[in-house]
>>> print(open('data_16.pdb').read())   # PDB, C-alpha atoms and all ligand atoms
ATOM      1  CA  MET A   1     110.646 105.781  43.380  1.00  0.00           C
ATOM      2  CA  LYS A   2     110.506 102.363  41.836  1.00  0.00           C
ATOM      3  CA  TYR A   3     107.772 102.897  39.253  1.00  0.00           C
ATOM      4  CA  ILE A   4     107.200 106.637  38.881  1.00  0.00           C
ATOM      5  CA  ASN A   5     109.529 108.687  36.684  1.00  0.00           C
ATOM      6  CA  ASP A   6     110.559 111.036  39.469  1.00  0.00           C
ATOM      7  CA  GLU A   7     112.247 113.645  37.338  1.00  0.00           C
ATOM      8  CA  LEU A   8     109.269 113.984  35.020  1.00  0.00           C
ATOM      9  CA  TRP A   9     106.842 114.124  37.953  1.00  0.00           C
ATOM     10  CA  LYS A  10     108.786 116.876  39.742  1.00  0.00           C
ATOM     11  CA  LYS A  11     109.070 118.908  36.557  1.00  0.00           C
ATOM     12  CA  GLN A  12     105.345 118.835  35.773  1.00  0.00           C
ATOM     13  CA  ILE A  13     103.465 118.578  39.055  1.00  0.00           C
ATOM     14  CA  SER A  14     103.552 122.303  39.862  1.00  0.00           C
ATOM     15  CA  GLN A  15     101.989 123.239  36.517  1.00  0.00           C
ATOM     16  CA  LYS A  16      98.258 123.833  36.771  1.00  0.00           C
ATOM     17  CA  ASP A  17      97.636 121.291  33.975  1.00  0.00           C
ATOM     18  CA  TRP A  18      99.974 118.686  35.523  1.00  0.00           C
ATOM     19  CA  TYR A  19      97.373 115.960  34.991  1.00  0.00           C
ATOM     20  CA  LEU A  20      97.466 116.499  31.210  1.00  0.00           C
ATOM     21  CA  ARG A  21     101.259 116.770  31.111  1.00  0.00           C
ATOM     22  CA  LEU A  22     101.579 113.573  33.150  1.00  0.00           C
ATOM     23  CA  ASP A  23      98.761 111.725  31.405  1.00  0.00           C
ATOM     24  CA  PRO A  24     101.154 109.654  29.227  1.00  0.00           C
ATOM     25  CA  GLU A  25     103.035 108.772  32.423  1.00  0.00           C
ATOM     26  CA  PHE A  26      99.797 107.713  34.147  1.00  0.00           C
ATOM     27  CA  LYS A  27      98.908 105.601  31.101  1.00  0.00           C
ATOM     28  CA  ARG A  28     102.356 103.998  31.194  1.00  0.00           C
ATOM     29  CA  LEU A  29     101.900 103.180  34.884  1.00  0.00           C
ATOM     30  CA  GLU A  30      98.434 101.753  34.191  1.00  0.00           C
ATOM     31  CA  ASN A  31      99.960  99.466  31.584  1.00  0.00           C
ATOM     32  CA  ILE A  32     102.694  98.303  33.933  1.00  0.00           C
ATOM     33  CA  GLN A  33     100.082  97.662  36.598  1.00  0.00           C
ATOM     34  CA  LYS A  34      98.289  95.072  34.451  1.00  0.00           C
ATOM     35  CA  ASP A  35     101.204  92.650  34.703  1.00  0.00           C
ATOM     36  CA  LEU A  36     102.016  93.161  38.365  1.00  0.00           C
ATOM     37  CA  SER A  37     101.330  90.819  41.246  1.00  0.00           C
ATOM     38  CA  LYS A  38      98.729  92.007  43.758  1.00  0.00           C
ATOM     39  CA  GLU A  39     101.498  93.037  46.125  1.00  0.00           C
ATOM     40  CA  ASP A  40     103.464  95.014  43.533  1.00  0.00           C
ATOM     41  CA  GLU A  41     100.261  96.628  42.319  1.00  0.00           C
ATOM     42  CA  GLU A  42      99.661  97.885  45.855  1.00  0.00           C
ATOM     43  CA  GLU A  43     103.206  99.229  45.925  1.00  0.00           C
ATOM     44  CA  LEU A  44     102.653 101.117  42.673  1.00  0.00           C
ATOM     45  CA  LYS A  45      99.394 102.631  43.926  1.00  0.00           C
ATOM     46  CA  GLU A  46     101.133 103.535  47.173  1.00  0.00           C
ATOM     47  CA  GLU A  47     103.768 105.435  45.168  1.00  0.00           C
ATOM     48  CA  ILE A  48     101.152 107.385  43.258  1.00  0.00           C
ATOM     49  CA  TYR A  49      98.842 108.226  46.159  1.00  0.00           C
ATOM     50  CA  SER A  50     101.669 109.096  48.546  1.00  0.00           C
ATOM     51  CA  SER A  51     103.183 111.410  45.909  1.00  0.00           C
ATOM     52  CA  ILE A  52      99.834 113.143  45.340  1.00  0.00           C
ATOM     53  CA  GLU A  53      99.346 113.402  49.103  1.00  0.00           C
ATOM     54  CA  ARG A  54     102.803 114.935  49.549  1.00  0.00           C
ATOM     55  CA  ASP A  55     102.334 117.436  46.713  1.00  0.00           C
ATOM     56  CA  LEU A  56      98.877 118.491  47.841  1.00  0.00           C
ATOM     57  CA  GLY A  57     100.271 118.947  51.341  1.00  0.00           C
ATOM     58  CA  ASN A  58     103.307 121.015  50.334  1.00  0.00           C
ATOM     59  CA  GLY A  59     101.365 123.127  47.835  1.00  0.00           C
ATOM     60  CA  SER A  60     103.186 121.843  44.715  1.00  0.00           C
ATOM     61  CA  ILE A  61      99.794 120.996  43.278  1.00  0.00           C
ATOM     62  CA  GLN A  62      98.248 124.399  42.707  1.00  0.00           C
ATOM     63  CA  PRO A  63      94.912 125.211  44.268  1.00  0.00           C
ATOM     64  CA  ASN A  64      92.336 126.586  41.840  1.00  0.00           C
ATOM     65  CA  LYS A  65      91.483 130.176  42.696  1.00  0.00           C
ATOM     66  CA  LYS A  66      88.492 130.471  40.379  1.00  0.00           C
ATOM     67  CA  TYR A  67      87.175 127.146  41.501  1.00  0.00           C
ATOM     68  CA  HIS A  68      84.235 125.340  39.980  1.00  0.00           C
ATOM     69  CA  ASP A  69      81.633 123.557  41.918  1.00  0.00           C
ATOM     70  CA  TRP A  70      78.723 121.450  40.920  1.00  0.00           C
ATOM     71  CA  ASP A  71      76.759 121.782  44.134  1.00  0.00           C
ATOM     72  CA  ASP A  72      74.022 123.935  42.625  1.00  0.00           C
ATOM     73  CA  GLU A  73      72.740 120.583  41.322  1.00  0.00           C
ATOM     74  CA  ARG A  74      72.306 119.307  44.883  1.00  0.00           C
ATOM     75  CA  LYS A  75      68.805 117.919  45.503  1.00  0.00           C
ATOM     76  CA  THR A  76      66.924 116.892  48.630  1.00  0.00           C
ATOM     77  CA  ILE A  77      68.705 113.918  50.171  1.00  0.00           C
ATOM     78  CA  ASP A  78      66.554 110.817  49.704  1.00  0.00           C
ATOM     79  CA  THR A  79      69.219 108.114  49.323  1.00  0.00           C
ATOM     80  CA  ILE A  80      72.100 106.730  51.368  1.00  0.00           C
ATOM     81  CA  VAL A  81      74.876 104.785  49.669  1.00  0.00           C
ATOM     82  CA  ILE A  82      77.110 102.465  51.701  1.00  0.00           C
ATOM     83  CA  HIS A  83      80.750 101.961  50.641  1.00  0.00           C
ATOM     84  CA  HIS A  84      83.946 100.359  51.878  1.00  0.00           C
ATOM     85  CA  THR A  85      87.381 101.826  51.148  1.00  0.00           C
ATOM     86  CA  SER A  86      88.527  98.369  49.885  1.00  0.00           C
ATOM     87  CA  ASN A  87      91.825  99.128  51.641  1.00  0.00           C
ATOM     88  CA  ASP A  88      93.185  96.417  53.915  1.00  0.00           C
ATOM     89  CA  LYS A  89      94.735  99.034  56.150  1.00  0.00           C
ATOM     90  CA  SER A  90      93.019 102.015  57.748  1.00  0.00           C
ATOM     91  CA  LEU A  91      93.367 105.186  55.664  1.00  0.00           C
ATOM     92  CA  THR A  92      94.429 108.560  56.993  1.00  0.00           C
ATOM     93  CA  LEU A  93      92.188 111.397  55.855  1.00  0.00           C
ATOM     94  CA  SER A  94      94.959 113.046  53.854  1.00  0.00           C
ATOM     95  CA  ARG A  95      95.626 109.775  52.013  1.00  0.00           C
ATOM     96  CA  LEU A  96      91.935 109.284  51.250  1.00  0.00           C
ATOM     97  CA  ASN A  97      91.777 112.888  50.054  1.00  0.00           C
ATOM     98  CA  ALA A  98      94.745 112.318  47.706  1.00  0.00           C
ATOM     99  CA  LYS A  99      93.309 109.039  46.447  1.00  0.00           C
ATOM    100  CA  HIS A 100      89.967 110.627  45.613  1.00  0.00           C
ATOM    101  CA  MET A 101      91.563 113.623  43.923  1.00  0.00           C
ATOM    102  CA  PHE A 102      93.495 111.187  41.728  1.00  0.00           C
ATOM    103  CA  ARG A 103      90.725 108.641  41.158  1.00  0.00           C
ATOM    104  CA  LEU A 104      87.649 110.891  40.913  1.00  0.00           C
ATOM    105  CA  TYR A 105      88.584 114.461  39.969  1.00  0.00           C
ATOM    106  CA  ARG A 106      91.710 113.951  37.811  1.00  0.00           C
ATOM    107  CA  PRO A 107      89.978 111.708  35.213  1.00  0.00           C
ATOM    108  CA  PHE A 108      87.068 114.150  34.992  1.00  0.00           C
ATOM    109  CA  PHE A 109      89.352 117.141  34.380  1.00  0.00           C
ATOM    110  CA  THR A 110      91.358 115.068  31.876  1.00  0.00           C
ATOM    111  CA  ASN A 111      88.246 114.081  29.906  1.00  0.00           C
ATOM    112  CA  PRO A 112      85.414 116.430  30.891  1.00  0.00           C
ATOM    113  CA  ASN A 113      81.969 116.005  29.398  1.00  0.00           C
ATOM    114  CA  GLU A 114      80.573 118.521  26.899  1.00  0.00           C
ATOM    115  CA  ASP A 115      79.001 120.753  29.583  1.00  0.00           C
ATOM    116  CA  ASN A 116      82.305 121.072  31.412  1.00  0.00           C
ATOM    117  CA  LYS A 117      84.829 121.100  28.578  1.00  0.00           C
ATOM    118  CA  ALA A 118      86.175 124.524  29.627  1.00  0.00           C
ATOM    119  CA  ILE A 119      87.756 123.027  32.751  1.00  0.00           C
ATOM    120  CA  LYS A 120      90.251 120.923  30.797  1.00  0.00           C
ATOM    121  CA  GLY A 121      93.757 122.192  31.544  1.00  0.00           C
ATOM    122  CA  GLU A 122      92.717 124.262  34.550  1.00  0.00           C
ATOM    123  CA  ALA A 123      93.911 123.500  38.046  1.00  0.00           C
ATOM    124  CA  ILE A 124      91.787 120.740  39.531  1.00  0.00           C
ATOM    125  CA  SER A 125      89.052 121.990  41.824  1.00  0.00           C
ATOM    126  CA  SER A 126      86.240 120.443  43.791  1.00  0.00           C
ATOM    127  CA  GLY A 127      84.580 123.579  45.149  1.00  0.00           C
ATOM    128  CA  HIS A 128      84.574 121.780  48.510  1.00  0.00           C
ATOM    129  CA  PHE A 129      86.424 123.223  51.469  1.00  0.00           C
ATOM    130  CA  THR A 130      87.030 122.555  55.098  1.00  0.00           C
ATOM    131  CA  ASN A 131      88.599 125.386  57.120  1.00  0.00           C
ATOM    132  CA  GLY A 132      89.485 127.143  53.866  1.00  0.00           C
ATOM    133  CA  VAL A 133      91.410 124.166  52.472  1.00  0.00           C
ATOM    134  CA  GLN A 134      90.155 122.468  49.333  1.00  0.00           C
ATOM    135  CA  ILE A 135      89.115 118.845  49.829  1.00  0.00           C
ATOM    136  CA  PHE A 136      88.434 116.055  47.353  1.00  0.00           C
ATOM    137  CA  TYR A 137      86.675 113.393  49.406  1.00  0.00           C
ATOM    138  CA  GLY A 138      83.938 111.515  47.588  1.00  0.00           C
ATOM    139  CA  TYR A 139      82.217 110.418  50.809  1.00  0.00           C
ATOM    140  CA  HIS A 140      80.299 112.384  53.420  1.00  0.00           C
ATOM    141  CA  TRP A 141      81.232 110.042  56.267  1.00  0.00           C
ATOM    142  CA  LEU A 142      84.020 107.637  57.054  1.00  0.00           C
ATOM    143  CA  VAL A 143      83.236 105.115  59.789  1.00  0.00           C
ATOM    144  CA  ARG A 144      86.320 103.690  61.482  1.00  0.00           C
ATOM    145  CA  LEU A 145      86.478 100.040  62.505  1.00  0.00           C
ATOM    146  CA  ASP A 146      86.010 100.957  66.180  1.00  0.00           C
ATOM    147  CA  GLY A 147      82.709 102.567  65.132  1.00  0.00           C
ATOM    148  CA  THR A 148      83.873 106.201  65.237  1.00  0.00           C
ATOM    149  CA  PRO A 149      82.211 108.237  62.476  1.00  0.00           C
ATOM    150  CA  GLU A 150      84.205 111.055  60.869  1.00  0.00           C
ATOM    151  CA  ARG A 151      82.520 113.798  58.867  1.00  0.00           C
ATOM    152  CA  LEU A 152      84.289 114.373  55.522  1.00  0.00           C
ATOM    153  CA  LEU A 153      81.832 116.403  53.437  1.00  0.00           C
ATOM    154  CA  THR A 154      78.949 118.516  54.671  1.00  0.00           C
ATOM    155  CA  ASP A 155      75.576 117.458  53.279  1.00  0.00           C
ATOM    156  CA  ASN A 156      75.218 120.487  51.002  1.00  0.00           C
ATOM    157  CA  TYR A 157      78.158 119.145  48.959  1.00  0.00           C
ATOM    158  CA  VAL A 158      77.593 116.615  46.168  1.00  0.00           C
ATOM    159  CA  GLY A 159      79.963 113.697  46.830  1.00  0.00           C
ATOM    160  CA  TRP A 160      81.458 112.102  43.715  1.00  0.00           C
ATOM    161  CA  HIS A 161      81.016 108.567  44.964  1.00  0.00           C
ATOM    162  CA  ALA A 162      78.385 106.500  43.159  1.00  0.00           C
ATOM    163  CA  GLY A 163      79.623 106.615  39.579  1.00  0.00           C
ATOM    164  CA  ASN A 164      76.124 107.890  38.803  1.00  0.00           C
ATOM    165  CA  TRP A 165      75.578 111.655  38.813  1.00  0.00           C
ATOM    166  CA  ASP A 166      71.829 111.554  39.457  1.00  0.00           C
ATOM    167  CA  ILE A 167      72.408 109.391  42.545  1.00  0.00           C
ATOM    168  CA  ASN A 168      75.283 111.640  43.637  1.00  0.00           C
ATOM    169  CA  THR A 169      73.090 114.747  43.577  1.00  0.00           C
ATOM    170  CA  ARG A 170      70.510 113.301  45.981  1.00  0.00           C
ATOM    171  CA  SER A 171      72.528 110.982  48.198  1.00  0.00           C
ATOM    172  CA  VAL A 172      74.987 110.911  51.042  1.00  0.00           C
ATOM    173  CA  ALA A 173      77.843 108.419  51.059  1.00  0.00           C
ATOM    174  CA  ILE A 174      78.792 106.501  54.192  1.00  0.00           C
ATOM    175  CA  CYS A 175      82.045 104.590  53.857  1.00  0.00           C
ATOM    176  CA  ILE A 176      83.510 101.930  56.129  1.00  0.00           C
ATOM    177  CA  ASP A 177      87.273 102.158  56.590  1.00  0.00           C
ATOM    178  CA  GLY A 178      88.302  98.666  55.523  1.00  0.00           C
ATOM    179  CA  ASN A 179      88.111  95.890  52.952  1.00  0.00           C
ATOM    180  CA  PHE A 180      84.908  93.833  53.128  1.00  0.00           C
ATOM    181  CA  GLU A 181      85.089  92.203  49.748  1.00  0.00           C
ATOM    182  CA  THR A 182      84.894  88.763  51.372  1.00  0.00           C
ATOM    183  CA  SER A 183      84.090  89.545  55.014  1.00  0.00           C
ATOM    184  CA  SER A 184      81.532  91.473  57.063  1.00  0.00           C
ATOM    185  CA  PRO A 185      82.025  94.539  59.244  1.00  0.00           C
ATOM    186  CA  ASP A 186      81.786  94.154  63.002  1.00  0.00           C
ATOM    187  CA  ILE A 187      78.409  94.745  64.654  1.00  0.00           C
ATOM    188  CA  LYS A 188      79.758  97.892  66.379  1.00  0.00           C
ATOM    189  CA  VAL A 189      80.398  99.430  62.951  1.00  0.00           C
ATOM    190  CA  LEU A 190      76.844  98.617  61.840  1.00  0.00           C
ATOM    191  CA  LYS A 191      75.419  99.998  65.098  1.00  0.00           C
ATOM    192  CA  SER A 192      77.380 103.184  64.594  1.00  0.00           C
ATOM    193  CA  ILE A 193      76.042 103.565  61.035  1.00  0.00           C
ATOM    194  CA  SER A 194      72.473 102.996  62.201  1.00  0.00           C
ATOM    195  CA  GLN A 195      72.943 105.653  64.899  1.00  0.00           C
ATOM    196  CA  LEU A 196      74.427 108.045  62.361  1.00  0.00           C
ATOM    197  CA  ILE A 197      71.415 107.536  60.098  1.00  0.00           C
ATOM    198  CA  LYS A 198      69.000 108.004  62.982  1.00  0.00           C
ATOM    199  CA  ASP A 199      70.715 111.235  64.035  1.00  0.00           C
ATOM    200  CA  ASN A 200      71.046 112.744  60.569  1.00  0.00           C
ATOM    201  CA  TYR A 201      68.911 111.077  57.909  1.00  0.00           C
ATOM    202  CA  LYS A 202      65.729 109.877  59.582  1.00  0.00           C
ATOM    203  CA  ASN A 203      63.665 110.996  56.583  1.00  0.00           C
ATOM    204  CA  VAL A 204      65.439 108.794  54.050  1.00  0.00           C
ATOM    205  CA  PRO A 205      63.165 105.821  53.262  1.00  0.00           C
ATOM    206  CA  ILE A 206      64.603 102.478  54.390  1.00  0.00           C
ATOM    207  CA  GLU A 207      64.372 101.100  50.843  1.00  0.00           C
ATOM    208  CA  ASN A 208      66.686 103.896  49.664  1.00  0.00           C
ATOM    209  CA  ILE A 209      69.545 102.723  51.864  1.00  0.00           C
ATOM    210  CA  LEU A 210      71.656 100.965  49.255  1.00  0.00           C
ATOM    211  CA  GLY A 211      75.073  99.484  48.690  1.00  0.00           C
ATOM    212  CA  HIS A 212      77.299 101.039  46.040  1.00  0.00           C
ATOM    213  CA  ASN A 213      76.871  97.796  44.061  1.00  0.00           C
ATOM    214  CA  GLU A 214      73.097  98.338  44.041  1.00  0.00           C
ATOM    215  CA  VAL A 215      73.405 101.668  42.223  1.00  0.00           C
ATOM    216  CA  ASN A 216      76.402 100.743  40.078  1.00  0.00           C
ATOM    217  CA  LYS A 217      76.746  97.223  38.709  1.00  0.00           C
ATOM    218  CA  ASN A 218      80.448  97.686  37.901  1.00  0.00           C
ATOM    219  CA  THR A 219      81.608  97.429  41.495  1.00  0.00           C
ATOM    220  CA  VAL A 220      81.548  94.882  44.320  1.00  0.00           C
ATOM    221  CA  CYS A 221      81.696  97.739  46.869  1.00  0.00           C
ATOM    222  CA  PRO A 222      80.805  97.514  49.779  1.00  0.00           C
ATOM    223  CA  GLY A 223      81.606  93.801  49.442  1.00  0.00           C
ATOM    224  CA  ASN A 224      80.165  90.494  48.303  1.00  0.00           C
ATOM    225  CA  GLY A 225      78.509  89.809  51.651  1.00  0.00           C
ATOM    226  CA  PHE A 226      76.388  92.983  51.680  1.00  0.00           C
ATOM    227  CA  ILE A 227      73.286  92.081  49.661  1.00  0.00           C
ATOM    228  CA  GLY A 228      71.359  89.371  51.493  1.00  0.00           C
ATOM    229  CA  GLY A 229      73.932  89.443  54.286  1.00  0.00           C
ATOM    230  CA  TRP A 230      75.037  92.292  56.534  1.00  0.00           C
ATOM    231  CA  LYS A 231      72.701  94.688  54.758  1.00  0.00           C
ATOM    232  CA  LEU A 232      69.826  92.905  56.540  1.00  0.00           C
ATOM    233  CA  THR A 233      71.550  93.304  59.908  1.00  0.00           C
ATOM    234  CA  LEU A 234      72.069  96.993  59.206  1.00  0.00           C
ATOM    235  CA  ILE A 235      68.478  97.569  58.052  1.00  0.00           C
ATOM    236  CA  ASN A 236      67.117  95.794  61.147  1.00  0.00           C
ATOM    237  CA  LEU A 237      69.288  97.940  63.412  1.00  0.00           C
ATOM    238  CA  ILE A 238      68.074 101.093  61.660  1.00  0.00           C
ATOM    239  CA  LYS A 239      64.414 100.072  61.922  1.00  0.00           C
ATOM    240  CA  LYS A 240      64.823  99.291  65.606  1.00  0.00           C
ATOM    241  CA  ASN A 241      66.762 102.475  66.242  1.00  0.00           C
ATOM    242  CA  ILE A 242      64.369 104.802  64.426  1.00  0.00           C
ATOM    243  CA  SER A 243      61.164 103.342  65.880  1.00  0.00           C
ATOM    244  CA  SER A 244      62.559 103.507  69.424  1.00  0.00           C
ATOM    245  CA  SER A 245      63.338 107.196  68.940  1.00  0.00           C
ATOM    246  CA  SER A 246      59.805 108.246  68.044  1.00  0.00           C
ATOM    247  CA  PRO A 247      57.820 109.786  70.919  1.00  0.00           C
ATOM    248  CA  PHE A 248      54.616 108.561  69.247  1.00  0.00           C
ATOM    249  CA  THR A 249      55.588 104.910  69.172  1.00  0.00           C
ATOM    250  CA  TYR A 250      52.929 102.835  70.860  1.00  0.00           C
ATOM    251  CA  LYS A 251      54.622 100.653  73.423  1.00  0.00           C
ATOM    252  CA  GLN A 252      52.892  97.512  74.553  1.00  0.00           C
ATOM    253  CA  THR A 253      53.021  97.286  78.342  1.00  0.00           C
ATOM    254  CA  SER A 254      52.357  94.305  80.528  1.00  0.00           C
ATOM    255  CA  ASN A 255      49.205  95.975  81.907  1.00  0.00           C
ATOM    256  CA  SER A 256      47.430  96.491  78.624  1.00  0.00           C
TER
HETATM  257 ZN    ZN B 301      81.962 102.353  46.770  1.00  0.00          ZN
END
>>> encode(input="data_16.pdb", output="structure tokens", more="lines below")
Ligand SMILES: [Zn+2]
Amino acid sequence: MKYINDELWKKQISQKDWYLRLDPEFKRLENIQKDLSKEDEEELKEEIYSSIERDLGNGSIQPNKKYHDWDDERKTIDTIVIHHTSNDKSLTLSRLNAKHMFRLYRPFFTNPNEDNKAIKGEAISSGHFTNGVQIFYGYHWLVRLDGTPERLLTDNYVGWHAGNWDINTRSVAICIDGNFETSSPDIKVLKSISQLIKDNYKNVPIENILGHNEVNKNTVCPGNGFIGGWKLTLINLIKKNISSSSPFTYKQTSNS
């Protein structure tokens, strides 16, 4: 490893409170990161996420047996939040899982709010499982660039995605697998999202289909071209898709 102190990492990672033991190391890496070029910064992140991925996969990072979950705060879904991964390359699910464990759950367990202060020092848990394995995804769906949607979290799970707990409790997160900071997703991706919404979330009002940057001003996600740009394309596709699916839609015919 070029940036990570390997010896320290290996010594601490199998402790249930590894994230507290390694917190000074994470702070050191954060400081280094500030002065790195974009390319080196990516390399540093790659080191961290690949190490977390490896140690989740091989069981070095302990699962939490008396897991906590926050899903009893789940409300009726009335909002859809659109994201992008902001990754130039496509992400494997296990890498995304590791990234979200590190970026979403680790900071919360390191500095929990007053209501959750008892979790500090315990093994990190999400309370979310697929086939008995704990998962840390923040999104409910990941849409690949060929338009294929992949289910990450079931809808009864609160996804930790918006940076806004109230929104999290009543929303689903749909993420596009790419970086659209300065570009727009292909029409087949938008068509796939509109189909996904038609099939699963027909009751969510159109005006509650929002970009991450519309519910959290601190992010450009899902990209600078969303508001006033490809959001309109997406909304039009959804409107067209949903109205064409209704058996009660009045269709003008040439005879009438
Ligand atoms: Zn986002």
>>> resolve_selection(input="data_16.pdb", expression="the PyMOL selection byres (((not hetatm)) within 8 of (chain B and resi 301))", output="mmCIF file with C-alpha atoms, in the frame of the given file")
data_model
loop_
_atom_site.group_PDB
_atom_site.id
_atom_site.type_symbol
_atom_site.label_atom_id
_atom_site.label_comp_id
_atom_site.auth_asym_id
_atom_site.auth_seq_id
_atom_site.Cartn_x
_atom_site.Cartn_y
_atom_site.Cartn_z
ATOM 1 C CA ILE A 82 77.110 102.465 51.701
ATOM 2 C CA HIS A 83 80.750 101.961 50.641
ATOM 3 C CA HIS A 84 83.946 100.359 51.878
ATOM 4 C CA THR A 85 87.381 101.826 51.148
ATOM 5 C CA HIS A 161 81.016 108.567 44.964
ATOM 6 C CA ALA A 162 78.385 106.500 43.159
ATOM 7 C CA CYS A 175 82.045 104.590 53.857
ATOM 8 C CA GLY A 211 75.073 99.484 48.690
ATOM 9 C CA HIS A 212 77.299 101.039 46.040
ATOM 10 C CA ASN A 213 76.871 97.796 44.061
ATOM 11 C CA THR A 219 81.608 97.429 41.495
ATOM 12 C CA VAL A 220 81.548 94.882 44.320
ATOM 13 C CA CYS A 221 81.696 97.739 46.869
ATOM 14 C CA PRO A 222 80.805 97.514 49.779
#
>>> atom_distance(input="data_16.pdb", atom1="CA of Val158 in chain A", atom2="CA of Gly225 in chain A")
27.4 Å
>>> residues_near_point(input="data_16.pdb", point="(86.6, 98.2, 52.5)", cutoff="6 Å", atoms="all atoms listed in the file", output="PyMOL selection string")
chain A and resi 84-87+177-180
>>> atom_distance(input="data_16.pdb", atom1="CA of Asp72 in chain A", atom2="CA of Gln15 in chain A")
28.6 Å
>>> resolve_selection(input="data_16.pdb", expression="the PyMOL selection byres (((chain A and resi 128-141) around 7) and not hetatm)", output="list in words")
Leu96, Asn97, His100, Met101, Ser126, Gly127, Leu142, Val143, Pro149, Glu150, Arg151, Leu152, Leu153, Thr154, Asp155, Tyr157, Gly159, Trp160, His161, Val172, Ala173, Ile174 and Cys175 of chain A
>>> resolve_selection(input="data_16.pdb", expression="the PyMOL selection byres (((chain A and resi 197-201) around 9) and not hetatm)", output="list in words")
Ile77, Asp78, Ile80, Ser192, Ile193, Ser194, Gln195, Leu196, Lys202, Asn203, Val204, Ile238, Asn241, Ile242 and Ser245 of chain A
>>> axis_aligned_box(input="data_16.pdb", around="range 44-59 of chain A", padding_each_side="5 Å", output="lines of an AutoDock Vina configuration file")
center_x = 101.3
center_y = 112.1
center_z = 47.0
size_x = 14.9
size_y = 32.0
size_z = 18.7
>>> residues_near_point(input="data_16.pdb", point="(83.9, 119.5, 39.2)", cutoff="12 Å", atoms="only C-alpha atoms", output="ChimeraX atom specification")
/A:64,66-73,101,104-113,115-120,122-128,135-136,138,157-160,165
>>> closest_residue(input="data_16.pdb", among="A:Gln62, A:Gly228, A:Leu93, A:Val81", to="Lys16 in chain A", atoms="all atoms listed in the file")
A:Gln62
>>> atom_distance(input="data_16.pdb", atom1="CA of Leu234 in chain A", atom2="CA of Thr182 in chain A")
17.1 Å
>>> residues_around(input="data_16.pdb", residues="Trp18 in chain A", least_positions_apart="4", cutoff="9 Å", atoms="all atoms listed in the file", output="PyMOL selection string")
chain A and resi 9+12-14+22-23+61+121+123
>>> residues_around(input="data_16.pdb", residues="range 186-190 of chain A", least_positions_apart="5", cutoff="8 Å", atoms="all atoms listed in the file", output="ChimeraX atom specification")
/A:143-148,176,233-234,237
>>> closest_residue(input="data_16.pdb", among="A:Lys45, A:Lys99, A:Arg74, A:Lys89", to="Glu30 in chain A", atoms="only C-alpha atoms")
A:Lys45
>>> closest_residue(input="data_16.pdb", among="A:Ile209, A:Ala98, A:Leu44, A:Ile235", to="Phe26 in chain A", atoms="all atoms listed in the file")
A:Leu44
>>> closest_residue(input="data_16.pdb", among="A:Leu232, A:Tyr49, A:Ile167, A:Ile4", to="Lys27 in chain A", atoms="all atoms listed in the file")
A:Ile4
>>> closest_residue(input="data_16.pdb", among="A:Asn156, A:Asp88, A:Ser243, A:Lys11", to="Thr76 in chain A", atoms="only C-alpha atoms")
A:Asn156
